[in-house]
$ cat my_file-v3.csv   # CSV, C-alpha atoms
chain,number,residue,atom,x,y,z
A,1,MET,CA,0.0,0.0,0.0
A,2,ARG,CA,1.2,3.5,-0.7
A,3,LEU,CA,0.1,6.9,0.5
A,4,GLY,CA,-2.5,8.5,-1.7
A,5,GLY,CA,-2.0,12.1,-2.9
A,6,GLY,CA,1.2,14.1,-2.7
A,7,PRO,CA,2.7,17.2,-1.3
A,8,ALA,CA,0.2,20.0,-1.1
A,9,ARG,CA,2.6,22.7,-2.2
A,10,ASP,CA,0.8,24.5,-5.0
A,11,ASP,CA,3.6,27.1,-5.2
A,12,GLY,CA,3.5,27.8,-1.5
A,13,GLN,CA,-0.2,28.5,-1.4
A,14,PHE,CA,-1.4,28.3,2.2
A,15,GLU,CA,-5.1,28.3,1.3
A,16,HIS,CA,-4.7,25.1,-0.7
A,17,TRP,CA,-3.2,23.3,2.2
A,18,ARG,CA,-5.7,24.7,4.7
A,19,GLN,CA,-8.6,23.4,2.6
A,20,ALA,CA,-6.9,20.1,2.1
A,21,VAL,CA,-6.5,19.6,5.9
A,22,SER,CA,-10.1,20.3,6.6
A,23,THR,CA,-11.3,18.0,3.9
A,24,ALA,CA,-9.0,15.1,4.9
A,25,PHE,CA,-9.9,15.3,8.6
A,26,VAL,CA,-12.9,17.2,10.0
A,27,PRO,CA,-13.8,20.9,9.6
A,28,LEU,CA,-11.0,22.9,11.1
A,29,ALA,CA,-10.0,26.6,11.4
A,30,VAL,CA,-6.4,26.9,10.3
A,31,VAL,CA,-4.3,30.1,10.5
A,32,SER,CA,-0.7,30.9,9.7
A,33,THR,CA,1.4,32.3,12.5
A,34,ALA,CA,4.5,32.8,10.5
A,35,GLU,CA,6.1,36.3,10.8
A,36,ASP,CA,6.0,36.7,7.0
A,37,GLY,CA,2.4,35.4,6.8
A,38,PRO,CA,1.2,32.6,4.7
A,39,GLY,CA,2.7,33.9,1.4
A,40,ARG,CA,5.7,31.6,1.5
A,41,PHE,CA,4.1,28.6,3.2
A,42,THR,CA,4.8,25.1,2.0
A,43,GLY,CA,3.0,22.1,3.5
A,44,THR,CA,2.5,18.4,2.9
A,45,LEU,CA,-0.5,16.2,3.3
A,46,ARG,CA,-0.8,12.5,2.3
A,47,SER,CA,-3.5,10.1,3.4
A,48,THR,CA,-4.4,6.4,3.0
A,49,ALA,CA,-6.7,3.9,4.7
A,50,LEU,CA,-6.1,0.7,6.6
A,51,GLY,CA,-9.5,-0.8,7.3
A,52,GLY,CA,-11.4,1.6,9.5
A,53,LEU,CA,-8.2,3.7,10.1
A,54,GLN,CA,-7.2,6.8,8.2
A,55,LEU,CA,-3.4,7.2,8.2
A,56,SER,CA,-2.1,10.7,7.3
A,57,GLU,CA,1.2,12.4,7.2
A,58,VAL,CA,0.8,16.2,7.6
A,59,GLY,CA,3.6,18.8,7.7
A,60,GLY,CA,4.0,22.5,7.5
A,61,HIS,CA,5.3,25.6,9.2
A,62,ALA,CA,4.0,27.9,11.9
A,63,VAL,CA,0.3,27.2,12.0
A,64,ASP,CA,-2.5,27.1,14.6
A,65,VAL,CA,-5.3,24.6,14.1
A,66,ARG,CA,-8.7,24.9,15.9
A,67,ARG,CA,-11.6,22.6,16.2
A,68,THR,CA,-14.4,24.9,17.4
A,69,ARG,CA,-17.9,24.3,18.7
A,70,THR,CA,-19.3,25.8,15.5
A,71,SER,CA,-17.4,23.4,13.3
A,72,ILE,CA,-18.4,20.5,15.6
A,73,LYS,CA,-22.1,21.4,15.1
A,74,ARG,CA,-21.5,21.5,11.3
A,75,SER,CA,-19.9,18.0,11.3
A,76,ASP,CA,-19.4,15.6,14.2
A,77,PRO,CA,-18.6,12.1,12.8
A,78,GLY,CA,-17.5,10.9,16.2
A,79,LEU,CA,-13.9,10.3,15.5
A,80,VAL,CA,-10.7,9.9,17.6
A,81,LYS,CA,-7.3,11.1,16.4
A,82,VAL,CA,-3.9,10.0,17.6
A,83,GLY,CA,-1.0,12.4,16.7
A,84,LEU,CA,2.6,11.1,16.6
A,85,GLN,CA,5.1,13.9,16.4
A,86,LEU,CA,7.6,13.0,13.6
A,87,SER,CA,9.7,16.1,13.6
A,88,GLY,CA,9.7,19.6,15.2
A,89,SER,CA,7.4,20.1,18.1
A,90,GLY,CA,3.7,20.5,18.6
A,91,VAL,CA,1.1,21.3,21.3
A,92,ILE,CA,-2.3,19.7,21.6
A,93,VAL,CA,-4.9,21.4,23.9
A,94,GLN,CA,-8.2,19.7,24.9
A,95,ASP,CA,-10.3,19.4,28.1
A,96,ASP,CA,-8.1,22.1,29.9
A,97,ARG,CA,-5.0,20.0,29.4
A,98,GLU,CA,-2.0,20.6,27.2
A,99,ALA,CA,0.3,18.1,25.7
A,100,VAL,CA,3.7,19.3,24.5
A,101,LEU,CA,5.0,16.8,22.0
A,102,GLY,CA,8.5,16.2,20.7
A,103,PRO,CA,9.6,13.7,18.1
A,104,GLY,CA,8.4,10.2,19.2
A,105,ASP,CA,5.7,11.5,21.6
A,106,PHE,CA,2.1,11.1,20.8
A,107,ALA,CA,-1.4,12.0,22.2
A,108,VAL,CA,-5.0,11.2,21.6
A,109,TYR,CA,-7.8,13.8,21.1
A,110,ASP,CA,-11.5,13.6,20.4
A,111,THR,CA,-13.1,15.4,17.4
A,112,SER,CA,-16.4,15.7,19.2
A,113,LYS,CA,-14.9,18.3,21.6
A,114,PRO,CA,-13.0,21.5,20.8
A,115,TYR,CA,-9.3,21.3,20.6
A,116,ASP,CA,-6.3,23.4,19.5
A,117,LEU,CA,-3.1,22.4,17.8
A,118,HIS,CA,-0.1,24.8,17.8
A,119,PHE,CA,3.1,24.4,15.7
A,120,ALA,CA,5.6,27.2,16.2
A,121,GLY,CA,8.1,26.1,13.5
A,122,GLU,CA,8.6,23.4,10.9
A,123,PHE,CA,6.8,20.2,11.8
A,124,SER,CA,5.6,16.9,10.6
A,125,MET,CA,3.1,14.6,12.3
A,126,PHE,CA,1.7,11.1,11.7
A,127,VAL,CA,-2.1,11.2,12.4
A,128,LEU,CA,-4.3,8.1,12.8
A,129,MET,CA,-8.0,8.9,12.7
A,130,PHE,CA,-10.8,6.3,13.3
A,131,PRO,CA,-14.3,5.9,14.7
A,132,ARG,CA,-14.6,6.4,18.4
A,133,GLU,CA,-15.9,2.9,19.1
A,134,LEU,CA,-12.8,1.3,17.7
A,135,LEU,CA,-10.7,2.6,20.6
A,136,ARG,CA,-11.1,-0.1,23.2
A,137,ILE,CA,-11.6,2.1,26.2
A,138,ALA,CA,-14.7,3.4,27.9
A,139,SER,CA,-16.0,6.9,26.8
A,140,ARG,CA,-15.5,8.2,30.3
A,141,GLU,CA,-11.8,7.2,30.1
A,142,LEU,CA,-11.3,9.0,26.8
A,143,GLY,CA,-12.2,12.3,28.5
A,144,THR,CA,-9.5,11.7,31.1
A,145,VAL,CA,-6.7,10.9,28.7
A,146,SER,CA,-7.2,13.3,25.8
A,147,ALA,CA,-4.3,15.8,25.4
A,148,ARG,CA,-2.0,13.9,27.7
A,149,ARG,CA,1.5,13.5,26.4
A,150,ILE,CA,2.5,9.8,26.0
A,151,HIS,CA,6.2,9.8,26.1
A,152,GLY,CA,7.9,7.9,23.3
A,153,SER,CA,10.7,6.7,25.6
A,154,THR,CA,9.0,5.4,28.7
A,155,GLY,CA,6.3,3.0,29.7
A,156,MET,CA,3.8,1.8,27.1
A,157,GLY,CA,4.9,4.7,24.9
A,158,ALA,CA,8.3,3.2,24.5
A,159,LEU,CA,6.6,0.1,23.0
A,160,VAL,CA,4.0,1.9,20.9
A,161,SER,CA,6.0,4.9,19.5
A,162,PRO,CA,8.5,2.8,17.6
A,163,PHE,CA,5.6,0.7,16.3
A,164,LEU,CA,3.8,3.8,15.0
A,165,THR,CA,7.0,5.1,13.5
A,166,ASN,CA,7.6,1.8,11.7
A,167,LEU,CA,3.9,1.8,10.6
A,168,HIS,CA,4.5,5.3,9.1
A,169,HIS,CA,7.6,4.1,7.3
A,170,SER,CA,5.9,0.9,6.0
A,171,VAL,CA,3.0,3.0,4.7
A,172,VAL,CA,5.3,5.4,2.9
A,173,THR,CA,7.4,2.7,1.4
A,174,GLY,CA,4.4,0.5,0.5
A,175,THR,CA,5.7,-2.5,2.5
A,176,MET,CA,2.9,-2.8,5.0
A,177,PRO,CA,0.6,-5.9,5.0
A,178,THR,CA,-3.0,-4.9,4.5
A,179,THR,CA,-4.7,-7.7,6.4
A,180,PRO,CA,-7.2,-6.9,9.1
A,181,LEU,CA,-4.9,-8.4,11.6
A,182,VAL,CA,-2.6,-5.3,11.2
A,183,GLU,CA,-5.5,-3.0,11.9
A,184,ASP,CA,-6.4,-5.0,15.0
A,185,ALA,CA,-2.8,-4.9,16.2
A,186,VAL,CA,-2.7,-1.1,15.8
A,187,LEU,CA,-5.9,-0.6,17.7
A,188,ASP,CA,-4.9,-3.0,20.5
A,189,LEU,CA,-1.6,-1.2,21.1
A,190,LEU,CA,-3.2,2.3,20.9
A,191,SER,CA,-5.9,1.3,23.3
A,192,ALA,CA,-3.3,-0.2,25.8
A,193,ALA,CA,-1.1,2.9,25.6
A,194,VAL,CA,-4.0,5.3,26.1
A,195,GLN,CA,-5.5,3.3,28.9
A,196,SER,CA,-2.1,3.3,30.7
A,197,GLU,CA,-2.3,7.1,30.9
A,198,ALA,CA,-5.8,7.1,32.5
A,199,PRO,CA,-5.9,8.4,36.1
A,200,ALA,CA,-6.5,5.7,38.7
A,201,ASP,CA,-10.0,6.9,39.4
A,202,ALA,CA,-10.9,6.6,35.7
A,203,THR,CA,-10.1,2.9,35.7
A,204,ALA,CA,-12.5,2.0,38.5
A,205,PRO,CA,-13.9,-1.6,38.7
A,206,GLY,CA,-16.9,-0.6,36.5
A,207,ALA,CA,-14.6,0.6,33.7
A,208,SER,CA,-12.5,-2.6,34.0
A,209,LEU,CA,-15.6,-4.7,33.9
A,210,LEU,CA,-16.9,-3.0,30.8
A,211,LEU,CA,-13.6,-3.8,29.0
A,212,ARG,CA,-13.7,-7.4,30.1
A,213,VAL,CA,-17.3,-7.7,28.9
A,214,ARG,CA,-16.4,-6.2,25.5
A,215,SER,CA,-13.5,-8.6,25.2
A,216,PHE,CA,-15.8,-11.5,26.1
A,217,ILE,CA,-18.4,-10.4,23.5
A,218,ASP,CA,-15.7,-10.2,20.8
A,219,ALA,CA,-14.5,-13.7,21.6
A,220,HIS,CA,-18.0,-15.1,21.4
A,221,LEU,CA,-19.5,-13.4,18.4
A,222,HIS,CA,-19.5,-16.7,16.6
A,223,ASP,CA,-22.2,-18.0,19.0
A,224,PRO,CA,-25.7,-17.2,17.6
A,225,THR,CA,-27.1,-17.5,21.1
A,226,LEU,CA,-24.9,-14.7,22.5
A,227,ASP,CA,-27.2,-12.2,24.3
A,228,THR,CA,-27.5,-9.9,27.3
A,229,VAL,CA,-28.4,-12.8,29.6
A,230,THR,CA,-25.5,-14.9,28.6
A,231,VAL,CA,-23.0,-12.0,29.0
A,232,ALA,CA,-24.4,-10.9,32.4
A,233,SER,CA,-24.4,-14.5,33.7
A,234,HIS,CA,-20.8,-15.1,32.7
A,235,HIS,CA,-19.7,-12.0,34.6
A,236,HIS,CA,-21.9,-12.6,37.6
A,237,VAL,CA,-23.9,-9.3,37.3
A,238,SER,CA,-27.6,-8.6,36.7
A,239,THR,CA,-28.8,-7.8,33.2
A,240,ARG,CA,-30.0,-4.5,34.6
A,241,HIS,CA,-26.5,-3.6,35.9
A,242,LEU,CA,-25.0,-4.7,32.6
A,243,GLN,CA,-27.4,-2.5,30.6
A,244,LYS,CA,-26.7,0.5,32.8
A,245,MET,CA,-23.0,0.1,32.1
A,246,PHE,CA,-23.5,0.1,28.4
A,247,GLU,CA,-26.1,2.9,28.5
A,248,ALA,CA,-23.5,5.1,30.3
A,249,ASP,CA,-21.3,4.5,27.3
A,250,GLY,CA,-24.0,5.3,24.8
A,251,HIS,CA,-25.0,1.8,23.8
A,252,THR,CA,-27.2,-1.2,24.6
A,253,VAL,CA,-25.7,-4.7,25.1
A,254,ALA,CA,-27.7,-6.1,22.1
A,255,GLY,CA,-26.8,-3.1,20.0
A,256,TRP,CA,-23.1,-3.5,20.8
A,257,ILE,CA,-23.2,-7.2,19.9
A,258,ARG,CA,-24.9,-6.4,16.6
A,259,HIS,CA,-22.4,-3.6,15.9
A,260,ARG,CA,-19.4,-5.8,16.5
A,261,ARG,CA,-20.8,-8.6,14.4
A,262,LEU,CA,-21.4,-6.2,11.5
A,263,GLU,CA,-18.0,-4.7,11.8
A,264,LYS,CA,-16.3,-8.1,11.7
A,265,CYS,CA,-18.4,-9.1,8.7
A,266,ARG,CA,-17.6,-5.8,7.0
A,267,ARG,CA,-13.9,-6.4,7.6
A,268,ASP,CA,-13.9,-9.9,6.2
A,269,LEU,CA,-16.0,-8.9,3.1
A,270,LYS,CA,-13.1,-6.7,1.9
A,271,ASP,CA,-10.3,-9.1,2.9
A,272,VAL,CA,-8.8,-10.8,-0.2
A,273,ARG,CA,-8.1,-13.9,1.9
A,274,PHE,CA,-11.8,-14.6,2.1
A,275,ARG,CA,-12.6,-13.8,-1.5
A,276,GLY,CA,-13.7,-17.4,-2.0
A,277,ASP,CA,-16.1,-17.4,1.0
A,278,SER,CA,-19.7,-16.8,0.4
A,279,ILE,CA,-21.5,-14.0,2.1
A,280,GLY,CA,-23.6,-16.5,4.0
A,281,THR,CA,-20.4,-18.2,5.3
A,282,ILE,CA,-18.9,-14.9,6.5
A,283,CYS,CA,-22.0,-13.7,8.4
A,284,ALA,CA,-22.5,-17.2,10.0
A,285,ARG,CA,-18.9,-16.9,11.1
A,286,TYR,CA,-20.0,-14.2,13.5
A,287,GLY,CA,-23.3,-15.6,14.7
A,288,LEU,CA,-25.6,-14.1,12.0
A,289,VAL,CA,-27.0,-17.4,10.6
A,290,ASN,CA,-29.8,-15.8,8.6
A,291,SER,CA,-28.1,-14.3,5.6
A,292,SER,CA,-31.2,-12.4,4.5
A,293,HIS,CA,-31.5,-10.7,7.9
A,294,PHE,CA,-27.8,-9.9,7.8
A,295,SER,CA,-28.1,-8.3,4.4
A,296,ARG,CA,-30.9,-6.1,5.6
A,297,LEU,CA,-28.9,-5.1,8.7
A,298,PHE,CA,-25.8,-4.4,6.7
A,299,LYS,CA,-27.6,-2.2,4.2
A,300,GLU,CA,-29.4,-0.3,7.0
A,301,THR,CA,-26.1,0.3,8.7
A,302,TYR,CA,-23.7,1.1,5.8
A,303,GLY,CA,-26.1,2.2,3.1
A,304,VAL,CA,-25.1,-0.6,0.6
A,305,SER,CA,-25.8,-4.3,0.4
A,306,PRO,CA,-23.0,-6.8,1.4
A,307,ARG,CA,-22.7,-7.9,-2.2
A,308,ALA,CA,-22.3,-4.4,-3.6
A,309,PHE,CA,-19.9,-3.5,-0.8
A,310,ARG,CA,-17.7,-6.5,-1.6
A,311,GLU,CA,-17.7,-5.8,-5.3
A,312,GLN,CA,-16.6,-2.2,-4.6
A,313,GLU,CA,-13.8,-3.3,-2.2
A,314,LEU,CA,-12.6,-6.4,-4.1
A,315,LEU,CA,-12.1,-5.1,-7.6
A,316,PRO,CA,-10.9,-7.7,-10.1
A,317,ILE,CA,-7.2,-8.3,-10.1
A,318,THR,CA,-5.7,-7.5,-13.5
A,319,ALA,CA,-2.4,-8.6,-14.8
$ encode --input "my_file-v3.csv" --output "structure tokens"
Amino acid sequence: MRLGGGPARDDGQFEHWRQAVSTAFVPLAVVSTAEDGPGRFTGTLRSTALGGLQLSEVGGHAVDVRRTRTSIKRSDPGLVKVGLQLSGSGVIVQDDREAVLGPGDFAVYDTSKPYDLHFAGEFSMFVLMFPRELLRIASRELGTVSARRIHGSTGMGALVSPFLTNLHHSVVTGTMPTTPLVEDAVLDLLSAAVQSEAPADATAPGASLLLRVRSFIDAHLHDPTLDTVTVASHHHVSTRHLQKMFEADGHTVAGWIRHRRLEKCRRDLKDVRFRGDSIGTICARYGLVNSSHFSRLFKETYGVSPRAFREQELLPITA
């Protein structure tokens, strides 16, 4: 895989880069803070996709970027961004916290809340953007870890930062495997790194239980009988308590099970390794044994039938 697009230089036109950044990510207010203004600005922006992840390399000089309440009202797709500083320095501000990043450091921030990015000089950053639900931590935890510097040389950061750096290099050079397992590995490591930064009171027993429950659900999606009662019984809690945990995070138990099943099916439908598997085989793999019901759910959720989605994603291989 290689990065799509190329340097957004356009003879140093800042406006071109500003518009490209807002289009690639979410609506943003971008201003130049260079002493000589935006007239001589040069910037880069390259993006590609890995499953549900958008991977982007963005670079420039002396800019402030703001995600305002007005822009959130205009478009709030419910995304999370992780920024890895590649060169230069940057500042991420959200939830009254400020993360000052040097090369190798990274931080997470939520596009559903206002945030500011400040770059005083030349910079480049590797940005991963993905739907909020793919980050395997509770919503309440995300609010406690946004805009916290995760050091690239200590703790979990020392493990994850080199991985992200190598991921960036692999994407640039076109040497990264594109199997869903890579996407899962990225999300697992990011979730672990972010959770490691959560304050102790944010990882209370309730939050830990929710994570265990979600892991249990993922491990048992193949079972068509998986339901709220089964999950509650396995974790020795009442169905009412279980429902309240999920409702606090914006979901229902049944809705979460359905969401995870559909996401797994969606992933396999575009995986070349499963090109020979029928749609019925794929949905049954995740406990959806009625293929007609699955097709209706899939179209209601993603706006396209499973067959049409697969045809779009798995284009014929030509010599």
$ closest_residue --input "my_file-v3.csv" --among "A:Ser196, A:Ser47, A:Ser87, A:Ser75" --to "A:Val145" --atoms "only C-alpha atoms"
A:Ser196
$ residues_around --input "my_file-v3.csv" --residues "A:Phe294" --least-positions-apart "5" --cutoff "12 Å" --atoms "all atoms listed in the file" --output "list in words"
Arg258, His259, Arg261, Leu262, Glu263, Cys265, Arg266, Ile279, Gly280, Thr281, Ile282, Cys283, Ala284, Arg285, Tyr286, Gly287, Leu288, Val289, Lys299, Glu300, Thr301, Tyr302, Ser305, Pro306 and Arg307 of chain A
$ closest_residue --input "my_file-v3.csv" --among "A:Gly43, A:Ser215, A:Val253, A:Gly155" --to "A:Val229" --atoms "all atoms listed in the file"
A:Val253
$ atom_distance --input "my_file-v3.csv" --atom1 "atom CA of A:Ser146" --atom2 "atom CA of A:Val160"
16.7 Å
$ atom_distance --input "my_file-v3.csv" --atom1 "atom CA of A:Ser32" --atom2 "atom CA of A:Thr44"
14.6 Å
$ closest_residue --input "my_file-v3.csv" --among "A:Ser291, A:Ser208, A:Gln85, A:Thr165" --to "A:Ser124" --atoms "all atoms listed in the file"
A:Gln85
$ residues_around --input "my_file-v3.csv" --residues "A:Phe119" --least-positions-apart "6" --cutoff "8 Å" --atoms "all atoms listed in the file" --output "list of chain:residue names"
A:His61, A:Ala62, A:Val63, A:Asp64, A:Ser89, A:Gly90, A:Val91
$ atom_distance --input "my_file-v3.csv" --atom1 "atom CA of A:His16" --atom2 "atom CA of A:His168"
23.9 Å
$ residues_around --input "my_file-v3.csv" --residues "A:Val272" --least-positions-apart "4" --cutoff "9 Å" --atoms "only C-alpha atoms" --output "list in words"
Thr179, Asp268, Gly276 and Leu314 of chain A
$ residues_around --input "my_file-v3.csv" --residues "A:Trp256" --least-positions-apart "4" --cutoff "9 Å" --atoms "all atoms listed in the file" --output "list of chain:residue names"
A:Arg214, A:Ile217, A:Phe246, A:His251, A:Thr252, A:Arg260, A:Arg261
$ build_atoms --input "my_file-v3.csv" --residues "stretch 58-84 of chain A" --atoms "N, CA, C and O atoms" --output "short mmCIF file (atom, residue, chain, number, x, y, z; two decimals), in the coordinates of the input"
data_model
loop_
_atom_site.label_atom_id
_atom_site.label_comp_id
_atom_site.auth_asym_id
_atom_site.auth_seq_id
_atom_site.Cartn_x
_atom_site.Cartn_y
_atom_site.Cartn_z
N VAL A 58 1.10 14.76 7.85
CA VAL A 58 0.80 16.20 7.60
C VAL A 58 2.03 16.99 8.12
O VAL A 58 2.60 16.70 9.17
N GLY A 59 2.43 17.95 7.32
CA GLY A 59 3.60 18.80 7.70
C GLY A 59 3.38 20.21 7.23
O GLY A 59 2.58 20.49 6.32
N GLY A 60 4.09 21.12 7.85
CA GLY A 60 4.00 22.50 7.50
C GLY A 60 4.87 23.38 8.33
O GLY A 60 5.87 22.92 8.89
N HIS A 61 4.48 24.65 8.47
CA HIS A 61 5.30 25.60 9.20
C HIS A 61 4.45 26.66 9.86
O HIS A 61 3.61 27.30 9.21
N ALA A 62 4.62 26.81 11.17
CA ALA A 62 4.00 27.90 11.90
C ALA A 62 2.52 28.06 11.67
O ALA A 62 2.08 29.01 11.02
N VAL A 63 1.74 27.13 12.21
CA VAL A 63 0.30 27.20 12.00
C VAL A 63 -0.41 26.89 13.37
O VAL A 63 0.13 26.18 14.23
N ASP A 64 -1.60 27.44 13.52
CA ASP A 64 -2.50 27.10 14.60
C ASP A 64 -3.74 26.45 13.97
O ASP A 64 -4.27 26.95 12.97
N VAL A 65 -4.18 25.35 14.56
CA VAL A 65 -5.30 24.60 14.10
C VAL A 65 -6.36 24.55 15.20
O VAL A 65 -6.01 24.19 16.33
N ARG A 66 -7.62 24.88 14.89
CA ARG A 66 -8.70 24.90 15.90
C ARG A 66 -9.87 24.08 15.47
O ARG A 66 -10.32 24.21 14.33
N ARG A 67 -10.36 23.26 16.38
CA ARG A 67 -11.60 22.60 16.20
C ARG A 67 -12.62 23.28 17.13
O ARG A 67 -12.53 23.15 18.35
N THR A 68 -13.53 24.05 16.57
CA THR A 68 -14.40 24.90 17.40
C THR A 68 -15.78 24.24 17.56
O THR A 68 -16.14 23.29 16.87
N ARG A 69 -16.55 24.79 18.50
CA ARG A 69 -17.90 24.30 18.70
C ARG A 69 -18.76 24.47 17.47
O ARG A 69 -19.62 23.64 17.16
N THR A 70 -18.53 25.55 16.75
CA THR A 70 -19.30 25.80 15.50
C THR A 70 -18.99 24.72 14.48
O THR A 70 -19.91 24.19 13.84
N SER A 71 -17.71 24.38 14.31
CA SER A 71 -17.40 23.40 13.30
C SER A 71 -17.84 21.98 13.75
O SER A 71 -18.18 21.14 12.92
N ILE A 72 -17.91 21.73 15.07
CA ILE A 72 -18.40 20.50 15.60
C ILE A 72 -19.91 20.34 15.25
O ILE A 72 -20.39 19.28 14.83
N LYS A 73 -20.66 21.44 15.42
CA LYS A 73 -22.10 21.40 15.10
C LYS A 73 -22.30 21.17 13.60
O LYS A 73 -23.26 20.53 13.19
N ARG A 74 -21.36 21.67 12.79
CA ARG A 74 -21.50 21.50 11.30
C ARG A 74 -21.19 20.05 10.93
O ARG A 74 -21.82 19.52 10.01
N SER A 75 -20.27 19.39 11.63
CA SER A 75 -19.90 18.00 11.30
C SER A 75 -19.26 17.34 12.48
O SER A 75 -18.18 17.75 12.90
N ASP A 76 -19.93 16.33 13.03
CA ASP A 76 -19.40 15.60 14.20
C ASP A 76 -19.51 14.09 13.89
O ASP A 76 -20.46 13.44 14.32
N PRO A 77 -18.57 13.52 13.15
CA PRO A 77 -18.60 12.10 12.80
C PRO A 77 -18.24 11.17 13.94
O PRO A 77 -18.24 9.95 13.77
N GLY A 78 -17.87 11.71 15.11
CA GLY A 78 -17.50 10.90 16.20
C GLY A 78 -16.21 10.12 16.07
O GLY A 78 -16.16 8.90 16.18
N LEU A 79 -15.16 10.87 15.79
CA LEU A 79 -13.90 10.30 15.50
C LEU A 79 -12.85 10.57 16.61
O LEU A 79 -12.99 11.53 17.36
N VAL A 80 -11.85 9.73 16.68
CA VAL A 80 -10.70 9.90 17.60
C VAL A 80 -9.47 10.07 16.70
O VAL A 80 -9.34 9.41 15.66
N LYS A 81 -8.56 10.96 17.12
CA LYS A 81 -7.30 11.10 16.40
C LYS A 81 -6.14 10.87 17.37
O LYS A 81 -6.19 11.24 18.54
N VAL A 82 -5.12 10.24 16.85
CA VAL A 82 -3.90 10.00 17.60
C VAL A 82 -2.77 10.69 16.77
O VAL A 82 -2.58 10.36 15.58
N GLY A 83 -2.07 11.64 17.36
CA GLY A 83 -1.00 12.40 16.70
C GLY A 83 0.35 11.96 17.19
O GLY A 83 0.63 12.11 18.39
N LEU A 84 1.20 11.43 16.31
CA LEU A 84 2.60 11.10 16.60
C LEU A 84 3.49 12.15 16.03
O LEU A 84 3.51 12.34 14.80
#
